[in-house]
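Chemist: Below is a structure I'd like to ask you about.
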Amino acid sequence: MSFLLYRLLADGTADAPQIDTRQPDVPWVNALDRGFQLGDGVFDTMSCFRGRPFAEERHRARLIQHAAAIGIDVDPARLQEALAGVMDELGERHAIVRTTVTRGQAARGLWPPPGNPPTILVTAQPWGPSLVGQSACLCEAGLPRNQFSPLARLKSLNYLENILAARRATEIGADDALIRNLDGNAVSTTIANLFAIVDGRFVTPPCADGCLDGVMRAVLLEEAKALGFDISETSLTPPLLDQAEALFLTNSVRLVRPVIALGKRSLIPPPRAAESINRLFNALLARIEYDTGMRLEVALPIQ
């Protein structure tokens, strides 16, 4: 069933447009909001299973941290108020919950005067089990990630590089695009963190290479360690990527997604790698059940 839930916390101004009284609950963002005008803000996406968010504290903490990194002071109580408004309406539905924080409204100019309250917008849309278990064919993004940019490790509203890479993937029939940094090392895709299995070892790029500190990435590193797997945060250089027997992607919506091709290179995981990925996925399901009380009935990443 299609639905859209939202909660908007924003301070109006004297010259703010009038809200249509026929639709009093429809949220609005002022045309001078810097998120709309300049992409000046950050966002977070988490999944809720039967209305119970997974790793909510981690998501909130990261959002506040990323906002602080660009000079936006987010009141944790105000953020929680916005989230609670949507959670109350969710009931026991599965949902993808996105929280957007902008620097708020301001007049022209790149750096506004201090004390401007941020805008917080929370929206929820359906999540379904069919989002999990789909394999991915990757193409090369063709646009390098500048790992030295402060934006490389922030979930900011400046997502145009990812959008252009996703456009390229769509145009050539791929599911997603592999992003490399200026050194040619693989760092992520447009919407996911990247893991490789090399000689039985789990390898994921360090955030310093230009990837996001994904919540699901962190959870899976913890679970892989608890399972006794050899794990490493190591740069995925071209030679190391060539040695990989399997690749898989992680994010908070699709959880774990196996890669079956990179360009013309087949990457269907061999049995040992497939077993390792499925073991890690089952540990993640147990973690989700412990955190939310919900046991997900979803397909294994590799059948």
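So you can find residues: chains in the structure tokens are A, B, ... in the order shown, residues in each start at 1, and ligands are numbered from 1 in order.
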Counting only C-alpha atoms, which residues of segment 194-235 of chain A sit at most 10 Å from some atom of segment 50-72 of chain A, and what is each one's closest atom pair with its distance in Å to one decimal, listed by chain and rising residue number, as CSV?

Modeler:
residue,atom,partner,partner_atom,distance
A:Asp213,CA,A:Arg62,CA,8.5
A:Gly214,CA,A:Arg62,CA,9.1
A:Val215,CA,A:His59,CA,6.8
A:Met216,CA,A:Ala55,CA,8.7
A:Ala218,CA,A:Arg58,CA,9.7
A:Val219,CA,A:Ala55,CA,8.8

Chemist: Skipping near chain neighbours, those fewer than 3 positions away, what residues fall within 7 Å of Gln134 of chain A using only C-alpha atoms, listed as a ChimeraX atom specification?

Modeler: /A:131,257,301

Chemist: Between A:Cys139, A:Ala84, A:Ile191, A:Leu296, which is the closest to Asn162 of chain A once you count only C-alpha atoms?

Modeler: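 So, comparing all the options, the nearest one is A:Ile191.
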
Chemist: At what distance in Å, to one decimal, does atom CA of Leu227 of chain A lie from atom CA of Cys207 of chain A?

Modeler: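 A separation of 22.9 Å between them.
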
Chemist: Which residues are near segment 43-45 of chain A? Cut-off 8 Å, only C-alpha atoms, ignore same chain within fewer than 6 positions. Put them as a list in words.

Modeler: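 In the requested format, the answer is His59, Leu63, Ile96, Val97, Arg98, Thr99, Thr100, Val101, Lys155, Ser156, Leu157, Ser252 and Val253 of chain A.
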
Chemist: Between A:Ile277, A:Leu5, A:Leu138, A:Leu240, which residue has the minimum interatomic distance to Asp199 of chain A, considering only C-alpha atoms?

Modeler: A:Leu240

Chemist: Looking at only C-alpha atoms, which of A:Leu110, A:Leu236, A:Ile120, A:Cys48 is the one that sits closest to Met87 of chain A?

Modeler: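 Counting only C-alpha atoms, the residue closest to Met87 of chain A is A:Cys48.
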
Chemist: From the list A:Thr234, A:Leu194, A:Asp33, A:Glu275, which residue is nearest Pro112 of chain A when using only C-alpha atoms?

Modeler: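 Ranked by minimum distance to Pro112 of chain A, first place goes to A:Asp33.
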
Chemist: Of the candidates A:Arg34, A:Arg153, A:Arg265, A:Arg254, which shows the shortest atom-to-atom distance to Pro117 of chain A, using only C-alpha atoms?

Modeler: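 For Pro117 of chain A, the nearest of the candidates is A:Arg34.
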